[in-house]
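Undergrad: Contents of protein.csv (CSV, C-alpha atoms) are given next:
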```csv
chain,number,residue,atom,x,y,z
A,1,MET,CA,150.7,125.9,104.7
A,2,ALA,CA,147.9,125.6,102.3
A,3,ASN,CA,145.1,123.3,103.3
A,4,PRO,CA,141.9,122.5,101.3
A,5,ILE,CA,138.8,124.4,102.3
A,6,VAL,CA,135.3,124.0,101.1
A,7,ALA,CA,134.4,127.3,99.6
A,8,ARG,CA,132.1,128.5,96.9
A,9,ILE,CA,133.5,131.5,95.1
A,10,THR,CA,131.3,133.1,92.6
A,11,LEU,CA,132.6,135.7,90.2
A,12,PRO,CA,132.3,136.3,86.4
A,13,ASP,CA,134.6,134.2,84.2
A,14,ARG,CA,135.6,137.3,82.2
A,15,ALA,CA,135.3,141.0,82.6
A,16,ARG,CA,136.2,144.1,80.7
A,17,ARG,CA,139.2,146.2,81.9
A,18,GLY,CA,138.0,148.7,84.4
A,19,GLU,CA,134.7,146.9,85.1
A,20,VAL,CA,133.5,146.6,88.7
A,21,ILE,CA,133.0,142.9,89.5
A,22,THR,CA,131.1,141.4,92.4
A,23,ILE,CA,132.8,138.5,94.2
A,24,ARG,CA,130.8,136.2,96.5
A,25,VAL,CA,132.5,133.9,98.9
A,26,LEU,CA,130.7,131.3,101.0
A,27,VAL,CA,132.9,129.1,103.2
A,28,ARG,CA,132.0,125.8,104.8
A,29,HIS,CA,133.0,126.3,108.4
A,30,PRO,CA,131.1,124.5,111.2
A,31,MET,CA,130.4,126.1,114.5
A,32,GLU,CA,128.2,125.2,117.5
A,33,ARG,CA,126.5,127.6,119.8
A,34,ALA,CA,127.4,125.9,123.1
A,35,ILE,CA,123.9,124.7,123.4
A,36,ASP,CA,123.6,121.4,125.3
A,37,ALA,CA,121.2,119.4,123.2
A,38,ALA,CA,121.0,115.8,122.0
A,39,GLY,CA,122.8,115.3,118.7
A,40,LEU,CA,125.0,118.3,119.0
A,41,THR,CA,128.7,117.5,119.5
A,42,PRO,CA,131.0,120.1,120.9
A,43,LEU,CA,133.4,121.7,118.4
A,44,PRO,CA,136.7,123.3,119.2
A,45,ARG,CA,136.6,127.1,119.0
A,46,LYS,CA,138.3,127.7,115.6
A,47,ILE,CA,137.2,131.0,114.0
A,48,LEU,CA,138.3,132.0,110.6
A,49,HIS,CA,139.5,135.3,112.0
A,50,ARG,CA,140.8,136.9,108.8
A,51,MET,CA,140.1,136.7,105.1
A,52,ARG,CA,142.5,138.3,102.7
A,53,VAL,CA,142.1,138.6,99.0
A,54,THR,CA,145.0,139.4,96.7
A,55,TYR,CA,144.7,140.3,93.0
A,56,ALA,CA,147.3,141.7,90.6
A,57,ASP,CA,149.9,141.8,93.4
A,58,GLU,CA,147.8,143.9,95.6
A,59,GLU,CA,145.6,143.3,98.6
A,60,VAL,CA,142.1,144.2,97.3
A,61,PHE,CA,140.0,143.1,100.3
A,62,ARG,CA,140.5,142.1,103.9
A,63,ALA,CA,138.0,141.2,106.6
A,64,ASP,CA,138.7,140.7,110.3
A,65,LEU,CA,136.1,138.4,111.7
A,66,SER,CA,135.4,137.7,115.4
A,67,GLN,CA,133.4,135.3,117.5
A,68,GLY,CA,130.2,137.1,116.4
A,69,ILE,CA,130.5,135.6,112.9
A,70,THR,CA,128.1,133.0,111.8
A,71,ALA,CA,129.0,129.5,110.8
A,72,ASN,CA,129.6,129.1,107.1
A,73,PRO,CA,130.3,132.8,106.7
A,74,TYR,CA,129.2,134.6,103.5
A,75,ILE,CA,131.1,137.6,102.3
A,76,GLU,CA,130.4,139.7,99.2
A,77,PHE,CA,132.6,142.5,97.9
A,78,THR,CA,133.5,144.3,94.7
A,79,THR,CA,136.8,145.0,93.0
A,80,ILE,CA,137.9,146.5,89.7
A,81,ALA,CA,139.1,144.2,86.9
A,82,VAL,CA,142.6,145.3,85.9
A,83,GLU,CA,144.4,142.3,84.4
A,84,THR,CA,144.0,138.6,83.6
A,85,GLY,CA,145.3,136.6,86.5
A,86,ALA,CA,144.6,134.7,89.7
A,87,ILE,CA,142.5,136.1,92.5
A,88,VAL,CA,143.9,134.6,95.7
A,89,PHE,CA,141.7,134.0,98.7
A,90,GLU,CA,143.3,133.3,102.0
A,91,TRP,CA,141.8,132.6,105.4
A,92,ASP,CA,143.6,132.5,108.8
A,93,GLU,CA,142.0,130.2,111.4
A,94,ASP,CA,142.4,130.2,115.1
A,95,GLY,CA,145.2,127.7,115.9
A,96,GLY,CA,147.4,128.9,113.1
A,97,ALA,CA,145.9,127.0,110.1
A,98,THR,CA,145.8,128.9,106.8
A,99,TYR,CA,143.6,128.1,103.9
A,100,ARG,CA,144.0,129.2,100.3
A,101,ARG,CA,142.0,129.2,97.1
A,102,GLU,CA,142.7,130.7,93.7
A,103,VAL,CA,140.3,131.7,91.0
A,104,ARG,CA,141.3,132.9,87.6
A,105,LEU,CA,139.8,136.0,86.1
A,106,VAL,CA,140.1,136.8,82.4
A,107,VAL,CA,140.1,140.5,81.6
A,108,THR,CA,139.6,141.6,78.0
B,1,MET,CA,72.0,119.3,116.2
B,2,ILE,CA,73.5,122.8,116.1
B,3,HIS,CA,76.4,121.5,118.1
B,4,ARG,CA,77.0,118.7,115.6
B,5,ALA,CA,76.9,121.2,112.7
B,6,VAL,CA,79.4,123.4,114.5
B,7,ALA,CA,81.6,120.4,115.3
B,8,ALA,CA,81.5,119.4,111.6
B,9,LEU,CA,82.5,122.9,110.6
B,10,ILE,CA,85.4,123.0,113.0
B,11,LEU,CA,86.6,119.6,111.7
B,12,ALA,CA,86.3,120.8,108.1
B,13,ALA,CA,88.4,123.8,109.0
B,14,GLY,CA,91.0,121.6,110.7
B,15,VAL,CA,92.7,120.3,107.5
B,16,ALA,CA,92.9,122.7,104.6
B,17,ALA,CA,92.0,121.4,101.2
B,18,ALA,CA,94.9,120.7,98.8
B,19,SER,CA,93.9,123.7,96.6
B,20,GLU,CA,94.5,126.1,99.6
B,21,LEU,CA,98.0,124.8,100.3
B,22,ARG,CA,100.8,127.1,99.2
B,23,PRO,CA,104.4,126.2,98.5
B,24,SER,CA,106.6,126.8,101.5
B,25,ARG,CA,108.6,129.5,99.6
B,26,ASP,CA,105.5,131.7,99.6
B,27,PHE,CA,105.8,132.0,103.4
B,28,LEU,CA,109.4,133.1,103.4
B,29,SER,CA,110.4,136.7,103.6
B,30,PRO,CA,111.4,138.2,100.3
B,31,GLU,CA,115.0,138.3,101.5
B,32,LEU,CA,115.1,134.6,102.5
B,33,ARG,CA,113.3,133.7,99.3
B,34,ALA,CA,115.9,135.4,97.2
B,35,LEU,CA,118.6,133.6,99.3
B,36,GLN,CA,116.9,130.3,98.7
B,37,ASP,CA,116.9,130.9,95.0
B,38,ASP,CA,120.6,132.0,94.7
B,39,PRO,CA,123.1,129.2,94.8
B,40,SER,CA,126.0,131.7,95.1
B,41,ARG,CA,124.7,132.8,98.5
B,42,HIS,CA,122.8,129.8,99.7
B,43,PRO,CA,125.0,127.8,102.2
B,44,GLY,CA,123.0,124.7,101.5
B,45,TRP,CA,125.0,124.4,98.2
B,46,LEU,CA,128.1,123.6,100.2
B,47,TRP,CA,126.4,120.3,101.0
B,48,VAL,CA,125.0,119.9,97.5
B,49,GLU,CA,128.6,120.1,96.1
B,50,ASP,CA,129.8,117.7,98.7
B,51,GLY,CA,127.0,115.3,97.8
B,52,GLU,CA,127.8,115.5,94.1
B,53,ALA,CA,131.4,114.6,94.9
B,54,LEU,CA,130.2,111.7,97.1
B,55,TRP,CA,128.0,110.5,94.2
B,56,GLN,CA,131.1,109.8,92.2
B,57,ARG,CA,133.4,108.5,94.9
B,58,GLY,CA,134.6,104.9,95.3
B,59,GLU,CA,134.8,101.9,93.1
B,60,ARG,CA,131.2,101.0,93.4
B,61,SER,CA,130.1,104.6,93.3
B,62,CYS,CA,126.5,105.7,93.0
B,63,GLN,CA,127.4,106.9,89.5
B,64,SER,CA,128.7,103.4,88.4
B,65,CYS,CA,125.1,102.1,88.5
B,66,HIS,CA,122.9,105.2,88.1
B,67,GLY,CA,125.0,107.4,85.8
B,68,GLY,CA,125.3,111.1,86.4
B,69,ILE,CA,123.4,112.7,89.2
B,70,GLY,CA,121.2,114.3,86.6
B,71,SER,CA,119.6,110.9,86.2
B,72,MET,CA,118.1,111.5,89.7
B,73,ALA,CA,115.8,114.2,88.4
B,74,GLY,CA,112.3,113.5,89.6
B,75,VAL,CA,113.3,110.9,92.1
B,76,ALA,CA,112.8,113.1,95.2
B,77,THR,CA,109.2,113.8,94.0
B,78,ARG,CA,108.3,110.1,94.6
B,79,TYR,CA,109.7,109.7,98.1
B,80,PRO,CA,108.8,108.5,100.7
B,81,ALA,CA,107.9,105.3,98.9
B,82,VAL,CA,107.2,101.7,99.9
B,83,ALA,CA,110.0,99.3,99.0
B,84,PRO,CA,109.1,95.8,97.6
B,85,ASP,CA,109.7,94.3,101.0
B,86,GLY,CA,107.0,96.6,102.5
B,87,ALA,CA,109.3,99.0,104.3
B,88,LEU,CA,108.5,102.7,104.0
B,89,LEU,CA,111.6,104.5,102.9
B,90,ASN,CA,112.3,108.2,102.6
B,91,LEU,CA,115.1,109.5,100.4
B,92,GLU,CA,117.6,109.1,103.3
B,93,GLY,CA,116.4,105.6,104.0
B,94,ARG,CA,116.7,104.7,100.3
B,95,ILE,CA,120.2,106.0,100.1
B,96,GLU,CA,121.2,104.0,103.3
B,97,ARG,CA,119.7,100.9,101.9
B,98,CYS,CA,121.5,101.3,98.6
B,99,ARG,CA,124.7,101.9,100.5
B,100,THR,CA,124.4,98.7,102.7
B,101,GLN,CA,122.9,96.4,100.2
B,102,GLN,CA,124.4,97.4,96.8
B,103,GLN,CA,127.6,99.1,97.8
B,104,ASN,CA,128.4,96.8,100.8
B,105,GLU,CA,129.4,99.8,102.9
B,106,ALA,CA,128.6,100.9,106.4
B,107,PRO,CA,125.5,103.2,106.5
B,108,PHE,CA,126.3,106.9,106.8
B,109,GLY,CA,124.1,107.3,109.9
B,110,THR,CA,121.1,109.6,110.3
B,111,GLU,CA,121.9,113.3,110.3
B,112,SER,CA,125.5,112.7,109.3
B,113,ASP,CA,127.0,115.3,107.0
B,114,ALA,CA,127.6,112.7,104.3
B,115,LEU,CA,124.0,111.5,104.3
B,116,LEU,CA,122.6,115.0,104.3
B,117,SER,CA,124.9,116.0,101.5
B,118,LEU,CA,124.0,113.1,99.3
B,119,THR,CA,120.3,113.6,100.0
B,120,ALA,CA,120.6,117.3,99.3
B,121,ALA,CA,122.3,116.6,96.0
B,122,ILE,CA,119.8,114.1,94.9
B,123,ALA,CA,116.8,116.2,96.0
B,124,GLN,CA,118.3,119.2,94.3
B,125,SER,CA,118.2,117.5,91.0
B,126,SER,CA,114.4,117.5,91.4
B,127,ARG,CA,114.2,121.1,92.4
B,128,GLY,CA,111.1,122.8,90.9
B,129,LEU,CA,109.5,119.5,89.9
B,130,PRO,CA,106.0,118.8,91.3
B,131,MET,CA,105.7,116.3,94.2
B,132,ARG,CA,103.8,113.1,93.3
B,133,VAL,CA,104.2,110.4,95.9
B,134,ALA,CA,102.2,107.2,95.4
B,135,THR,CA,99.3,107.2,97.8
B,136,ASP,CA,97.5,103.9,96.7
B,137,GLY,CA,98.4,100.3,97.1
B,138,PRO,CA,100.9,99.5,99.9
B,139,ALA,CA,101.3,103.2,100.6
B,140,ALA,CA,97.6,103.7,101.6
B,141,SER,CA,98.0,102.3,105.1
B,142,PHE,CA,101.0,104.5,105.8
B,143,ILE,CA,99.2,107.6,104.5
B,144,GLU,CA,96.4,106.7,106.9
B,145,GLN,CA,98.9,106.4,109.8
B,146,GLY,CA,100.4,109.8,108.8
B,147,ARG,CA,97.0,111.4,108.6
B,148,ARG,CA,96.1,110.2,112.0
B,149,PHE,CA,99.3,111.5,113.4
B,150,TYR,CA,98.7,114.9,111.7
B,151,GLU,CA,95.2,115.2,113.0
B,152,THR,CA,95.7,114.0,116.5
B,153,ARG,CA,96.1,116.6,119.3
B,154,GLN,CA,99.5,116.0,121.0
B,155,GLY,CA,101.6,117.1,123.9
B,156,GLN,CA,101.0,119.4,126.8
B,157,LEU,CA,99.8,122.1,124.5
B,158,ASN,CA,97.3,119.7,123.1
B,159,LEU,CA,97.7,120.8,119.5
B,160,ALA,CA,97.3,118.9,116.2
B,161,CYS,CA,99.6,119.8,113.3
B,162,GLY,CA,96.7,121.3,111.4
B,163,GLN,CA,95.8,123.8,114.1
B,164,CYS,CA,99.0,125.7,113.2
B,165,HIS,CA,99.7,124.6,109.6
B,166,ASP,CA,96.2,124.8,108.2
B,167,GLU,CA,94.1,127.1,110.5
B,168,ASN,CA,96.9,129.6,111.2
B,169,ALA,CA,99.2,129.3,108.1
B,170,GLY,CA,100.5,132.7,107.1
B,171,ARG,CA,100.2,134.1,110.6
B,172,ARG,CA,103.3,134.7,112.8
B,173,LEU,CA,104.7,132.5,115.5
B,174,ARG,CA,107.9,133.3,117.4
B,175,GLY,CA,109.0,135.8,114.8
B,176,ASP,CA,108.5,133.4,111.9
B,177,VAL,CA,105.6,132.8,109.5
B,178,ILE,CA,103.7,129.6,109.9
B,179,SER,CA,103.8,127.6,106.6
B,180,ASN,CA,101.6,124.8,105.5
B,181,GLY,CA,104.2,122.4,106.8
B,182,LEU,CA,104.8,120.5,103.6
B,183,GLY,CA,108.4,119.6,104.1
B,184,THR,CA,109.3,120.1,100.4
B,185,GLY,CA,112.4,122.1,101.3
B,186,TYR,CA,114.1,119.4,103.3
B,187,PRO,CA,117.0,118.8,103.8
B,188,ALA,CA,117.1,122.5,104.5
B,189,TYR,CA,119.6,124.9,105.8
B,190,ARG,CA,118.1,126.4,108.9
B,191,LEU,CA,119.7,129.6,110.1
B,192,GLU,CA,118.7,128.5,113.7
B,193,TRP,CA,120.7,125.3,113.2
B,194,ASN,CA,123.6,126.9,111.4
B,195,THR,CA,123.7,123.8,109.3
B,196,LEU,CA,121.8,121.6,106.9
B,197,GLY,CA,119.2,119.3,108.6
B,198,SER,CA,116.7,116.7,107.7
B,199,LEU,CA,112.9,116.9,107.9
B,200,HIS,CA,112.9,114.6,110.8
B,201,ARG,CA,115.1,116.9,112.8
B,202,ARG,CA,112.6,119.7,112.0
B,203,LEU,CA,109.7,117.4,113.1
B,204,ARG,CA,111.4,116.8,116.4
B,205,ALA,CA,111.5,120.6,116.8
B,206,CYS,CA,107.8,120.7,116.1
B,207,SER,CA,107.1,117.9,118.6
B,208,LEU,CA,109.2,119.8,121.2
B,209,GLY,CA,107.3,123.0,120.4
B,210,VAL,CA,104.0,121.4,121.4
B,211,ARG,CA,105.7,119.6,124.3
B,212,ALA,CA,104.9,116.2,122.9
B,213,THR,CA,107.0,113.0,122.6
B,214,GLN,CA,109.9,113.6,120.3
B,215,PHE,CA,110.4,110.5,118.1
B,216,PRO,CA,113.8,109.4,116.9
B,217,LEU,CA,115.1,110.4,113.5
B,218,GLY,CA,113.9,107.9,111.0
B,219,SER,CA,111.1,106.5,113.3
B,220,PRO,CA,108.0,104.9,111.8
B,221,GLU,CA,105.9,107.7,113.2
B,222,TYR,CA,107.8,110.5,111.4
B,223,LEU,CA,108.2,108.4,108.2
B,224,ALA,CA,104.4,108.0,108.0
B,225,LEU,CA,103.9,111.7,108.7
B,226,GLU,CA,106.5,112.5,106.1
B,227,LEU,CA,104.6,110.5,103.5
B,228,PHE,CA,101.3,112.2,104.5
B,229,LEU,CA,102.9,115.6,104.2
B,230,ALA,CA,104.3,114.7,100.8
B,231,SER,CA,100.9,113.6,99.7
B,232,ARG,CA,99.5,116.9,100.8
B,233,ALA,CA,102.2,118.6,98.8
B,234,ALA,CA,101.1,116.8,95.6
B,235,GLY,CA,101.7,119.2,92.6
B,236,LEU,CA,103.8,121.7,94.6
B,237,PRO,CA,107.5,122.0,93.7
B,238,VAL,CA,110.4,120.4,95.5
B,239,GLU,CA,112.4,123.3,97.1
B,240,ALA,CA,115.3,121.3,98.5
B,241,PRO,CA,117.8,122.4,99.6
B,242,GLY,CA,115.5,125.0,101.3
B,243,LEU,CA,116.5,127.9,103.4
B,244,ARG,CA,114.6,128.4,106.6
B,245,ARG,CA,114.8,130.7,109.6
```
Please lay out the structure from this file as structure tokens.
TA:
Amino acid sequence: MANPIVARITLPDRARRGEVITIRVLVRHPMERAIDAAGLTPLPRKILHRMRVTYADEEVFRADLSQGITANPYIEFTTIAVETGAIVFEWDEDGGATYRREVRLVVT
Amino acid sequence: MIHRAVAALILAAGVAAASELRPSRDFLSPELRALQDDPSRHPGWLWVEDGEALWQRGERSCQSCHGGIGSMAGVATRYPAVAPDGALLNLEGRIERCRTQQQNEAPFGTESDALLSLTAAIAQSSRGLPMRVATDGPAASFIEQGRRFYETRQGQLNLACGQCHDENAGRRLRGDVISNGLGTGYPAYRLEWNTLGSLHRRLRACSLGVRATQFPLGSPEYLALELFLASRAAGLPVEAPGLRR
């Protein structure tokens, strides 16, 4: 199951082999804080409880998130550029939904 | 006589001269300022991207009349503005009017994600440009209304806006630094809200803070105040989408 997700993934278009690259991931994911105030509508509790990043057939990053996580979570990590190909980002949400995004990295 | 002189001094101190006003970003912590400047980390850009997509959506899209969203550069510096029919419109109001009158669509509704996104995208194309709202002609009476609102003590705490935002700007309140209250960063992503929100939502929080009447989003009171704040900000840069605590 691959649903669309609003994410801003920032990484360099190209990198040299062996270079350490920084990857920044910002995901649109609403949350409310159970505060009863006018204008706030209750949202079901659906936490993106896991983010997995796969690159060159290998899991390069994984984060387990819990209910302490902010809305619209931002995650930054680094990895080593090894080959040209897709970096795959996957998120598991409470309730079983999985989201997936791919970004291509060119390695020279 | 002395009393009168003292009273005049206090009044003069009540509203800072335009030259003393500093852009809102100056009051942010270095970390928040860096975040506000970095689209790869600023969650407000999630809404900007959405707004840019909305700009092109539909048969009678915004783009079909206005061209690319880049053509909106400078527009946010001129709002709020008085429409030909005499209504005072802020950027949100202008978008809603375009939507109902030109696009024949239902309005998005105040504080809806769609309206916030489109407003953020349009305001973002003016980012860094100096504010320059019209203050003469039909706007003059609205400015006066806004000024009166700004200078009037309100609520159970009996505070006027300037008592915080002019006399105590730069000092701390509830763990945050008091700014000059210019509103140039709105719609802004407030960490407290966990989302993007309008200036009027922020003003409601201000009203609540001094335990005064909270006016509805888009009310004439807040619109006039928004215009007055924008006139105070003349020459200072648009920061939208801002990042606030």
Undergrad: Restrict the distance test to only C-alpha atoms, flag each residue of chain B within 7 Å of chain A, and return the flagged residues as a compact mmCIF listing (two decimals) with C-alpha atoms, in the frame of the given file.
TA:
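And here's result.txt as it stands now:
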```
# COMPACT_ATOMS: atom_id res chain seq x y z
CA SER B 40 126.00 131.70 95.10
CA ARG B 41 124.70 132.80 98.50
CA PRO B 43 125.00 127.80 102.20
CA LEU B 46 128.10 123.60 100.20
CA ASN B 194 123.60 126.90 111.40
```
Undergrad: Starting from the point (139.8, 144.2, 93.1), work out which residues of protein, DNA or RNA have an atom no more than 6 Å away when counting only C-alpha atoms; state them as a PDB file with C-alpha atoms, in the frame of the given file.
TA:
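New file out36.pdb:
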```pdb
ATOM      1  CA  VAL A  60     142.100 144.200  97.300  1.00  0.00           C
ATOM      2  CA  THR A  79     136.800 145.000  93.000  1.00  0.00           C
ATOM      3  CA  ILE A  80     137.900 146.500  89.700  1.00  0.00           C
TER       4      ILE A  80
END
```
Undergrad: If I take CA of Ser125 in chain B and CA of Pro241 in chain B, how far is one from the other in Å, to one decimal?
TA: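 Spanning CA of Ser125 in chain B to CA of Pro241 in chain B is a straight-line distance of 9.9 Å.
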Undergrad: Using only C-alpha atoms, find all polymer residues with an atom at most 10 Å away from the point (99.8, 108.4, 94.8); report them as a list in words.
TA: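 Within the cut-off we find Arg78, Ala81, Met131, Arg132, Val133, Ala134, Thr135, Asp136, Gly137, Ala139, Ala140, Ile143, Ala230, Ser231 and Ala234 of chain B.
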Undergrad: When you count only C-alpha atoms, which of these residues is closest to Leu203 in chain B: B:Gly74, B:Gly93, B:Asp166, B:Cys161?
TA: B:Cys161
Undergrad: Add whatever atoms are absent from range 54-75 of chain A to reach N, CA and C atoms, and provide the output as a short mmCIF file (atom, residue, chain, number, x, y, z; two decimals), in the coordinates of the input.
TA:
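Generated output (out-v6.cif):
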```cif
data_model
loop_
_atom_site.label_atom_id
_atom_site.label_comp_id
_atom_site.auth_asym_id
_atom_site.auth_seq_id
_atom_site.Cartn_x
_atom_site.Cartn_y
_atom_site.Cartn_z
N THR A 54 143.93 138.76 97.42
CA THR A 54 145.00 139.40 96.70
C THR A 54 144.74 139.25 95.18
N TYR A 55 144.92 140.34 94.44
CA TYR A 55 144.70 140.30 93.00
C TYR A 55 145.66 141.28 92.36
N ALA A 56 146.33 140.84 91.36
CA ALA A 56 147.30 141.70 90.60
C ALA A 56 148.34 142.26 91.62
N ASP A 57 148.88 141.37 92.46
CA ASP A 57 149.90 141.80 93.40
C ASP A 57 149.50 142.81 94.42
N GLU A 58 148.23 142.91 94.64
CA GLU A 58 147.80 143.90 95.60
C GLU A 58 146.67 143.34 96.44
N GLU A 59 146.66 143.73 97.70
CA GLU A 59 145.60 143.30 98.60
C GLU A 59 144.34 144.10 98.22
N VAL A 60 143.28 143.44 97.74
CA VAL A 60 142.10 144.20 97.30
C VAL A 60 140.99 144.16 98.38
N PHE A 61 141.09 143.21 99.32
CA PHE A 61 140.00 143.10 100.30
C PHE A 61 140.57 142.36 101.53
N ARG A 62 140.19 142.86 102.70
CA ARG A 62 140.50 142.10 103.90
C ARG A 62 139.41 142.28 104.90
N ALA A 63 139.09 141.18 105.58
CA ALA A 63 138.00 141.20 106.60
C ALA A 63 138.54 140.61 107.87
N ASP A 64 138.37 141.30 108.98
CA ASP A 64 138.70 140.70 110.30
C ASP A 64 137.36 140.23 110.88
N LEU A 65 137.32 138.94 111.18
CA LEU A 65 136.10 138.40 111.70
C LEU A 65 136.31 138.01 113.17
N SER A 66 135.26 138.05 113.95
CA SER A 66 135.40 137.70 115.40
C SER A 66 134.38 136.68 115.75
N GLN A 67 134.27 136.43 117.05
CA GLN A 67 133.40 135.30 117.50
C GLN A 67 131.94 135.59 117.21
N GLY A 68 131.61 136.81 116.79
CA GLY A 68 130.20 137.10 116.40
C GLY A 68 129.83 136.56 115.08
N ILE A 69 130.80 136.04 114.32
CA ILE A 69 130.50 135.60 112.90
C ILE A 69 129.71 134.34 112.93
N THR A 70 128.90 134.19 111.91
CA THR A 70 128.10 133.00 111.80
C THR A 70 128.93 131.80 111.33
N ALA A 71 128.37 130.61 111.48
CA ALA A 71 129.00 129.50 110.80
C ALA A 71 128.83 129.66 109.32
N ASN A 72 129.65 129.02 108.53
CA ASN A 72 129.60 129.10 107.10
C ASN A 72 129.46 130.56 106.62
N PRO A 73 130.44 131.41 106.97
CA PRO A 73 130.30 132.80 106.70
C PRO A 73 130.23 133.15 105.19
N TYR A 74 129.42 134.13 104.85
CA TYR A 74 129.20 134.60 103.50
C TYR A 74 129.73 136.03 103.38
N ILE A 75 130.60 136.28 102.44
CA ILE A 75 131.10 137.60 102.30
C ILE A 75 131.02 138.03 100.81
#
```
